[in-house]
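A.B. asks: My file is target05.pdb. It has PDB, C-alpha atoms, pLDDT in the B column:
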```pdb
MODEL        1
ATOM      1  CA  MET A 249     100.396 116.781  72.954  1.00 50.00           C
ATOM      2  CA  GLU A 250      98.531 116.464  76.264  1.00 53.00           C
ATOM      3  CA  ASN A 251      97.099 113.082  75.243  1.00 58.00           C
ATOM      4  CA  THR A 252     100.621 111.832  74.477  1.00 57.00           C
ATOM      5  CA  LEU A 253     101.791 112.890  77.952  1.00 54.00           C
ATOM      6  CA  ARG A 254      98.940 110.986  79.577  1.00 59.00           C
ATOM      7  CA  LYS A 255      99.739 107.855  77.568  1.00 60.00           C
ATOM      8  CA  GLY A 256     103.373 108.182  78.653  1.00 68.00           C
ATOM      9  CA  ARG A 257     102.318 108.293  82.301  1.00 66.00           C
ATOM     10  CA  TYR A 258     100.249 105.153  81.895  1.00 70.00           C
ATOM     11  CA  ASN A 259     103.231 103.446  80.273  1.00 80.00           C
ATOM     12  CA  VAL A 260     105.443 104.419  83.193  1.00 80.00           C
ATOM     13  CA  LEU A 261     102.858 103.118  85.655  1.00 75.00           C
ATOM     14  CA  ALA A 262     102.481  99.867  83.692  1.00 83.00           C
ATOM     15  CA  LEU A 263     106.240  99.302  83.517  1.00 88.00           C
ATOM     16  CA  LEU A 264     106.587 100.102  87.199  1.00 82.00           C
ATOM     17  CA  CYS A 265     103.927  97.539  88.122  1.00 81.00           C
ATOM     18  CA  ILE A 266     105.536  94.908  85.877  1.00 90.00           C
ATOM     19  CA  GLY A 267     108.973  95.570  87.355  1.00 88.00           C
ATOM     20  CA  ILE A 268     107.762  95.408  90.936  1.00 84.00           C
ATOM     21  CA  GLY A 269     105.785  92.243  90.198  1.00 87.00           C
ATOM     22  CA  VAL A 270     108.844  90.551  88.684  1.00 91.00           C
ATOM     23  CA  LEU A 271     111.007  91.536  91.666  1.00 89.00           C
ATOM     24  CA  LEU A 272     108.434  90.182  94.126  1.00 87.00           C
ATOM     25  CA  MET A 273     108.221  86.914  92.179  1.00 91.00           C
ATOM     26  CA  LEU A 274     112.016  86.594  92.224  1.00 92.00           C
ATOM     27  CA  GLU A 275     111.972  87.040  95.983  1.00 90.00           C
ATOM     28  CA  ASN A 276     109.137  84.532  96.413  1.00 91.00           C
ATOM     29  CA  TYR A 277     111.265  81.905  94.659  1.00 93.00           C
ATOM     30  CA  GLY A 278     114.414  82.774  96.618  1.00 90.00           C
ATOM     31  CA  TYR A 279     116.503  84.361  93.857  1.00 92.00           C
ATOM     32  CA  ILE A 280     116.806  87.707  95.623  1.00 90.00           C
ATOM     33  CA  LYS A 281     116.135  88.934  99.154  1.00 88.00           C
ATOM     34  CA  GLY A 282     114.868  92.109 100.806  1.00 82.00           C
ATOM     35  CA  ILE A 283     112.289  93.234  98.254  1.00 81.00           C
ATOM     36  CA  TYR A 284     109.444  93.099 100.774  1.00 80.00           C
ATOM     37  CA  ASN A 285     111.199  95.835 102.739  1.00 83.00           C
ATOM     38  CA  LEU A 286     110.431  98.102  99.794  1.00 83.00           C
ATOM     39  CA  TRP A 287     106.631  98.018 100.276  1.00 87.00           C
ATOM     40  CA  PRO A 288     106.605 101.736 101.254  1.00 92.00           C
ATOM     41  CA  ILE A 289     107.245 102.460  97.592  1.00 87.00           C
ATOM     42  CA  PHE A 290     103.511 101.935  96.953  1.00 87.00           C
ATOM     43  CA  PRO A 291     102.238 104.776  99.165  1.00 92.00           C
ATOM     44  CA  LEU A 292     105.163 106.863  97.907  1.00 93.00           C
ATOM     45  CA  ILE A 293     104.151 106.319  94.279  1.00 88.00           C
ATOM     46  CA  PHE A 294     100.507 106.978  95.136  1.00 89.00           C
ATOM     47  CA  GLY A 295     101.458 110.182  96.987  1.00 93.00           C
ATOM     48  CA  VAL A 296     103.586 111.435  94.113  1.00 90.00           C
ATOM     49  CA  GLY A 297     100.752 110.531  91.733  1.00 87.00           C
ATOM     50  CA  LEU A 298      98.284 112.586  93.763  1.00 89.00           C
ATOM     51  CA  TYR A 299     100.720 115.493  93.762  1.00 90.00           C
ATOM     52  CA  MET A 300     101.074 115.233  89.970  1.00 87.00           C
ATOM     53  CA  LEU A 301      97.280 115.064  89.603  1.00 86.00           C
ATOM     54  CA  TYR A 302      97.034 118.197  91.750  1.00 89.00           C
ATOM     55  CA  LYS A 303      99.497 119.958  89.440  1.00 86.00           C
ATOM     56  CA  ASP A 304      97.649 118.714  86.320  1.00 84.00           C
ATOM     57  CA  ARG A 305      94.381 120.147  87.576  1.00 81.00           C
ATOM     58  CA  GLY A 306      95.909 123.583  87.854  1.00 76.00           C
ATOM     59  CA  ALA A 307      96.276 123.536  91.642  1.00 70.00           C
ATOM     60  CA  ARG A 308      92.522 123.439  92.193  1.00 77.00           C
ATOM     61  CA  ASP A 309      92.026 120.345  94.356  1.00 84.00           C
ATOM     62  CA  SER A 310      94.036 121.066  97.463  1.00 88.00           C
ATOM     63  CA  ILE A 311      92.914 117.840  99.121  1.00 89.00           C
ATOM     64  CA  LEU A 312      94.911 115.907  96.508  1.00 91.00           C
ATOM     65  CA  LEU A 313      97.994 117.867  97.516  1.00 92.00           C
ATOM     66  CA  ALA A 314      97.415 117.296 101.233  1.00 94.00           C
ATOM     67  CA  ILE A 315      96.856 113.548 100.888  1.00 95.00           C
ATOM     68  CA  GLY A 316      99.830 113.224  98.544  1.00 94.00           C
ATOM     69  CA  ILE A 317     102.114 115.086 100.958  1.00 96.00           C
ATOM     70  CA  TYR A 318     100.894 112.924 103.857  1.00 97.00           C
ATOM     71  CA  LEU A 319     101.529 109.685 101.960  1.00 96.00           C
ATOM     72  CA  ILE A 320     105.008 110.803 100.919  1.00 96.00           C
ATOM     73  CA  GLN A 321     105.907 111.619 104.525  1.00 97.00           C
ATOM     74  CA  PHE A 322     104.458 108.320 105.737  1.00 97.00           C
ATOM     75  CA  SER A 323     106.506 106.419 103.141  1.00 96.00           C
ATOM     76  CA  VAL A 324     109.725 107.994 104.360  1.00 95.00           C
ATOM     77  CA  LEU A 325     108.921 106.980 107.947  1.00 96.00           C
ATOM     78  CA  ALA A 326     107.946 103.455 106.832  1.00 95.00           C
ATOM     79  CA  PHE A 327     111.234 103.055 104.930  1.00 93.00           C
ATOM     80  CA  TYR A 328     113.092 104.154 108.053  1.00 93.00           C
ATOM     81  CA  GLU A 329     111.168 101.672 110.201  1.00 93.00           C
ATOM     82  CA  ASN A 330     111.711  98.828 107.722  1.00 90.00           C
ATOM     83  CA  TYR A 331     115.460  99.237 107.881  1.00 87.00           C
ATOM     84  CA  THR A 332     115.710  99.876 111.632  1.00 90.00           C
ATOM     85  CA  SER A 333     113.047  98.411 113.891  1.00 87.00           C
ATOM     86  CA  TRP A 334     109.309  98.901 114.070  1.00 88.00           C
ATOM     87  CA  THR A 335     109.587  98.879 117.857  1.00 89.00           C
ATOM     88  CA  SER A 336     110.781 102.481 117.654  1.00 86.00           C
ATOM     89  CA  MET A 337     107.248 103.422 116.564  1.00 88.00           C
ATOM     90  CA  VAL A 338     106.466 103.557 120.282  1.00 84.00           C
ATOM     91  CA  TYR A 339     108.439 106.817 120.296  1.00 85.00           C
ATOM     92  CA  LEU A 340     107.872 108.010 116.733  1.00 90.00           C
ATOM     93  CA  TRP A 341     104.058 107.915 116.553  1.00 91.00           C
ATOM     94  CA  PRO A 342     103.761 111.711 117.083  1.00 92.00           C
ATOM     95  CA  PHE A 343     105.103 112.085 113.549  1.00 95.00           C
ATOM     96  CA  PHE A 344     101.658 111.131 112.253  1.00 95.00           C
ATOM     97  CA  VAL A 345     100.212 114.234 113.946  1.00 94.00           C
ATOM     98  CA  GLY A 346     103.051 116.327 112.514  1.00 96.00           C
ATOM     99  CA  PHE A 347     102.498 114.876 109.034  1.00 97.00           C
ATOM    100  CA  LEU A 348      98.897 116.035 109.178  1.00 96.00           C
ATOM    101  CA  GLY A 349     100.097 119.506 110.205  1.00 95.00           C
ATOM    102  CA  VAL A 350     102.516 119.669 107.272  1.00 96.00           C
ATOM    103  CA  SER A 351      99.689 118.588 104.956  1.00 96.00           C
ATOM    104  CA  PHE A 352      97.488 121.442 106.193  1.00 94.00           C
ATOM    105  CA  LEU A 353     100.360 123.888 105.795  1.00 94.00           C
ATOM    106  CA  SER A 354     100.845 122.687 102.216  1.00 94.00           C
ATOM    107  CA  ILE A 355      97.223 123.602 101.480  1.00 92.00           C
ATOM    108  CA  TYR A 356      97.739 127.067 102.950  1.00 92.00           C
ATOM    109  CA  ILE A 357     100.997 127.616 101.066  1.00 91.00           C
ATOM    110  CA  SER A 358      99.624 126.373  97.747  1.00 89.00           C
ATOM    111  CA  THR A 359      96.403 128.395  97.867  1.00 85.00           C
ATOM    112  CA  GLY A 360      97.709 131.477  99.623  1.00 82.00           C
ATOM    113  CA  ASN A 361      94.516 131.754 101.642  1.00 79.00           C
ATOM    114  CA  GLY A 362      92.590 129.753 104.198  1.00 79.00           C
ATOM    115  CA  MET A 363      94.098 130.876 107.465  1.00 85.00           C
ATOM    116  CA  ILE A 364      92.333 127.961 109.165  1.00 87.00           C
ATOM    117  CA  PHE A 365      94.718 125.597 107.349  1.00 90.00           C
ATOM    118  CA  PHE A 366      97.665 127.646 108.540  1.00 90.00           C
ATOM    119  CA  HIS A 367      96.427 127.602 112.136  1.00 88.00           C
ATOM    120  CA  LEU A 368      95.617 123.887 112.044  1.00 89.00           C
ATOM    121  CA  GLY A 369      98.993 123.109 110.494  1.00 93.00           C
ATOM    122  CA  VAL A 370     100.934 125.068 113.079  1.00 90.00           C
ATOM    123  CA  LEU A 371      98.765 123.664 115.865  1.00 87.00           C
ATOM    124  CA  LEU A 372      99.304 120.054 114.788  1.00 92.00           C
ATOM    125  CA  ILE A 373     103.040 120.494 114.288  1.00 93.00           C
ATOM    126  CA  GLY A 374     103.226 122.106 117.727  1.00 88.00           C
ATOM    127  CA  LEU A 375     101.202 119.248 119.168  1.00 86.00           C
ATOM    128  CA  CYS A 376     103.606 116.796 117.572  1.00 90.00           C
ATOM    129  CA  ILE A 377     106.521 118.533 119.270  1.00 88.00           C
ATOM    130  CA  VAL A 378     104.663 118.609 122.586  1.00 83.00           C
ATOM    131  CA  PHE A 379     103.944 114.878 122.306  1.00 84.00           C
ATOM    132  CA  PHE A 380     107.621 114.183 121.636  1.00 85.00           C
ATOM    133  CA  LEU A 381     108.658 116.244 124.641  1.00 81.00           C
ATOM    134  CA  ILE A 382     106.033 114.829 126.991  1.00 79.00           C
ATOM    135  CA  PHE A 383     106.524 111.185 126.111  1.00 77.00           C
ATOM    136  CA  SER A 384     110.298 111.452 126.161  1.00 76.00           C
ATOM    137  CA  VAL A 385     110.220 112.965 129.690  1.00 74.00           C
ATOM    138  CA  ASP A 386     107.353 111.092 131.391  1.00 75.00           C
ATOM    139  CA  TYR A 387     104.376 109.465 129.691  1.00 73.00           C
ATOM    140  CA  ARG A 388     102.120 110.418 132.628  1.00 79.00           C
ATOM    141  CA  LEU A 389     102.342 114.055 131.558  1.00 77.00           C
ATOM    142  CA  TRP A 390     100.258 113.491 128.399  1.00 75.00           C
ATOM    143  CA  PRO A 391      97.204 115.401 129.759  1.00 82.00           C
ATOM    144  CA  ILE A 392      99.292 118.556 129.348  1.00 79.00           C
ATOM    145  CA  SER A 393      98.743 118.142 125.611  1.00 75.00           C
ATOM    146  CA  LEU A 394      94.973 118.450 126.118  1.00 80.00           C
ATOM    147  CA  VAL A 395      95.461 121.640 128.120  1.00 84.00           C
ATOM    148  CA  LEU A 396      97.724 123.088 125.425  1.00 78.00           C
ATOM    149  CA  PHE A 397      95.278 122.031 122.706  1.00 77.00           C
ATOM    150  CA  GLY A 398      92.427 123.807 124.515  1.00 84.00           C
ATOM    151  CA  ILE A 399      94.513 126.952 124.957  1.00 84.00           C
ATOM    152  CA  SER A 400      95.450 126.949 121.285  1.00 78.00           C
ATOM    153  CA  ILE A 401      91.788 126.634 120.262  1.00 80.00           C
ATOM    154  CA  LEU A 402      90.999 129.677 122.388  1.00 85.00           C
ATOM    155  CA  LEU A 403      93.918 131.561 120.821  1.00 80.00           C
ATOM    156  CA  ILE A 404      92.792 130.707 117.304  1.00 77.00           C
ATOM    157  CA  LYS A 405      89.329 131.929 118.162  1.00 73.00           C
ATOM    158  CA  GLU A 406      90.768 135.224 119.426  1.00 74.00           C
ATOM    159  CA  PHE A 407      92.999 135.676 116.358  1.00 71.00           C
ATOM    160  CA  ASN A 408      90.064 135.141 114.029  1.00 71.00           C
ATOM    161  CA  LYS A 409      88.076 137.933 115.776  1.00 68.00           C
ATOM    162  CA  SER A 410      90.611 140.565 114.786  1.00 57.00           C
TER     163      SER A 410
ENDMDL
END
```
Render the structure in this file as structure tokens.
C.D. replies:
Amino acid sequence: MENTLRKGRYNVLALLCIGIGVLLMLENYGYIKGIYNLWPIFPLIFGVGLYMLYKDRGARDSILLAIGIYLIQFSVLAFYENYTSWTSMVYLWPFFVGFLGVSFLSIYISTGNGMIFFHLGVLLIGLCIVFFLIFSVDYRLWPISLVLFGISILLIKEFNKS
């Protein structure tokens, strides 16, 4: 039964690659337009694949989960940028820090232990919010983020003592 499921996954992957290849060829020859805007589907598929691999392994390899979650989040942002304007990345770059925080939180939530992942996740999400606030008010205030990062490291150290 398990072998049949694996073969089915390979068939889905094969058909997906064939379909995407045909669509890209049709765009190359001018029959359809806009397919290249769909490139974020590749990291999305890879992220979902890593998540499925994590589930197949009985939730043992948390790094697969974290990387999969990060790639899925990145794909959503890339789709947004493809259909708006990549110039907005000047303001949206803090999302990459937040994505890393969500990935660490996913490790903590999935394993139920590893408080360091919880602290890092919350810290990075907080840092993402701080970056958004600082750069939307005045970009010269960015050193505040270093001060807040240092304070949070000291707080984590104190929390781990108790």
A.B. asks: Given the choices A:Leu353, A:Val370, A:Met337, A:Cys376, which gets closest to A:Trp390 if the distance is worked out from all atoms listed in the file?
C.D. replies: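 Between A:Leu353, A:Val370, A:Met337, A:Cys376, the residue approaching A:Trp390 most closely is A:Cys376.
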A.B. asks: Rank A:Gly349, A:Leu312, A:Leu368, A:Leu286 by their smallest atom-to-atom distance to A:Ile404, using all atoms listed in the file, and report the top residue only.
C.D. replies: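 When distances to A:Ile404 are compared using all atoms listed in the file, the smallest one comes from A:Leu368.
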A.B. asks: Mind pulling up the distance from atom CA of A:Leu389 to atom CA of A:Tyr339?
C.D. replies: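 Answer for the atom CA of A:Tyr339 to atom CA of A:Leu389 separation: 14.7 Å.
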A.B. asks: Could you expand the PyMOL selection byres ((chain A and resi 314) around 9) into the explicit residues it covers here, written as a PDB file with C-alpha atoms, in the coordinates of the input?
C.D. replies:
```pdb
ATOM      1  CA  LEU A 298      98.284 112.586  93.763  1.00 89.00           C
ATOM      2  CA  TYR A 299     100.720 115.493  93.762  1.00 90.00           C
ATOM      3  CA  SER A 310      94.036 121.066  97.463  1.00 88.00           C
ATOM      4  CA  ILE A 311      92.914 117.840  99.121  1.00 89.00           C
ATOM      5  CA  LEU A 312      94.911 115.907  96.508  1.00 91.00           C
ATOM      6  CA  LEU A 313      97.994 117.867  97.516  1.00 92.00           C
ATOM      7  CA  ILE A 315      96.856 113.548 100.888  1.00 95.00           C
ATOM      8  CA  GLY A 316      99.830 113.224  98.544  1.00 94.00           C
ATOM      9  CA  ILE A 317     102.114 115.086 100.958  1.00 96.00           C
ATOM     10  CA  TYR A 318     100.894 112.924 103.857  1.00 97.00           C
ATOM     11  CA  LEU A 319     101.529 109.685 101.960  1.00 96.00           C
ATOM     12  CA  LEU A 348      98.897 116.035 109.178  1.00 96.00           C
ATOM     13  CA  VAL A 350     102.516 119.669 107.272  1.00 96.00           C
ATOM     14  CA  SER A 351      99.689 118.588 104.956  1.00 96.00           C
ATOM     15  CA  PHE A 352      97.488 121.442 106.193  1.00 94.00           C
ATOM     16  CA  LEU A 353     100.360 123.888 105.795  1.00 94.00           C
ATOM     17  CA  SER A 354     100.845 122.687 102.216  1.00 94.00           C
ATOM     18  CA  ILE A 355      97.223 123.602 101.480  1.00 92.00           C
TER      19      ILE A 355
END
```
A.B. asks: Rounded to one decimal, what separation in Å do you get between atom CA of A:Leu371 and atom CA of A:Pro391?
C.D. replies: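 If I compute the distance from atom CA of A:Leu371 to atom CA of A:Pro391, I get 16.2 Å.
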A.B. asks: Kindly compute an axis-aligned box around the listed atoms of stretch 361-372 of chain A, allowing 5 Å on each side, and express its centre and edge lengths in Å to one decimal as AutoDock Vina command-line options.
C.D. replies:
```
--center_x 96.6 --center_y 125.9 --center_z 108.8 --size_x 18.6 --size_y 21.7 --size_z 24.2
```
A.B. asks: What's around A:Ile320 at 8 Å? Count only C-alpha atoms, leave out sequence neighbours fewer than 5 positions away in its own chain, and write the answer as a PDB file with C-alpha atoms, in the coordinates of the input.
C.D. replies:
```pdb
ATOM      1  CA  PRO A 291     102.238 104.776  99.165  1.00 92.00           C
ATOM      2  CA  LEU A 292     105.163 106.863  97.907  1.00 93.00           C
ATOM      3  CA  GLY A 295     101.458 110.182  96.987  1.00 93.00           C
ATOM      4  CA  VAL A 296     103.586 111.435  94.113  1.00 90.00           C
TER       5      VAL A 296
END
```
A.B. asks: Can you work out which one of A:Lys303, A:Lys405, A:Asp309, A:Val378 has the shortest atom-to-atom distance to A:Ile364, counting only C-alpha atoms?
C.D. replies: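 Closest to A:Ile364 of all the choices is A:Lys405.
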A.B. asks: Provide the atom CA of A:Phe407 to atom CA of A:Leu372 distance in Å, to one decimal place.
C.D. replies: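 A separation of 16.9 Å between them.
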A.B. asks: If you apply the PyMOL selection byres ((chain A and resi 283) around 9) to this file, what residues do you get, as a list of chain:residue names?
C.D. replies: A:Ile268, A:Leu271, A:Leu272, A:Leu274, A:Glu275, A:Ile280, A:Lys281, A:Gly282, A:Tyr284, A:Asn285, A:Leu286, A:Trp287
A.B. asks: Which is closest to A:Phe344 among A:Phe379, A:Met363, A:Ile357, A:Leu394, if we use all atoms listed in the file?
C.D. replies: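 Of A:Phe379, A:Met363, A:Ile357, A:Leu394, the one nearest A:Phe344 is A:Phe379, counting all atoms listed in the file.
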A.B. asks: A:Trp341, A:Cys265, A:Ile401, A:Ile382: which is nearest A:Leu325, counting only C-alpha atoms?
C.D. replies: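 The answer is A:Trp341, which sits nearest to A:Leu325.
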A.B. asks: Choose the residue, out of A:Tyr258, A:Gly374, A:Asn361, A:Pro288, that has the smallest atom-to-atom separation from A:Phe397; count all atoms listed in the file.
C.D. replies: A:Gly374
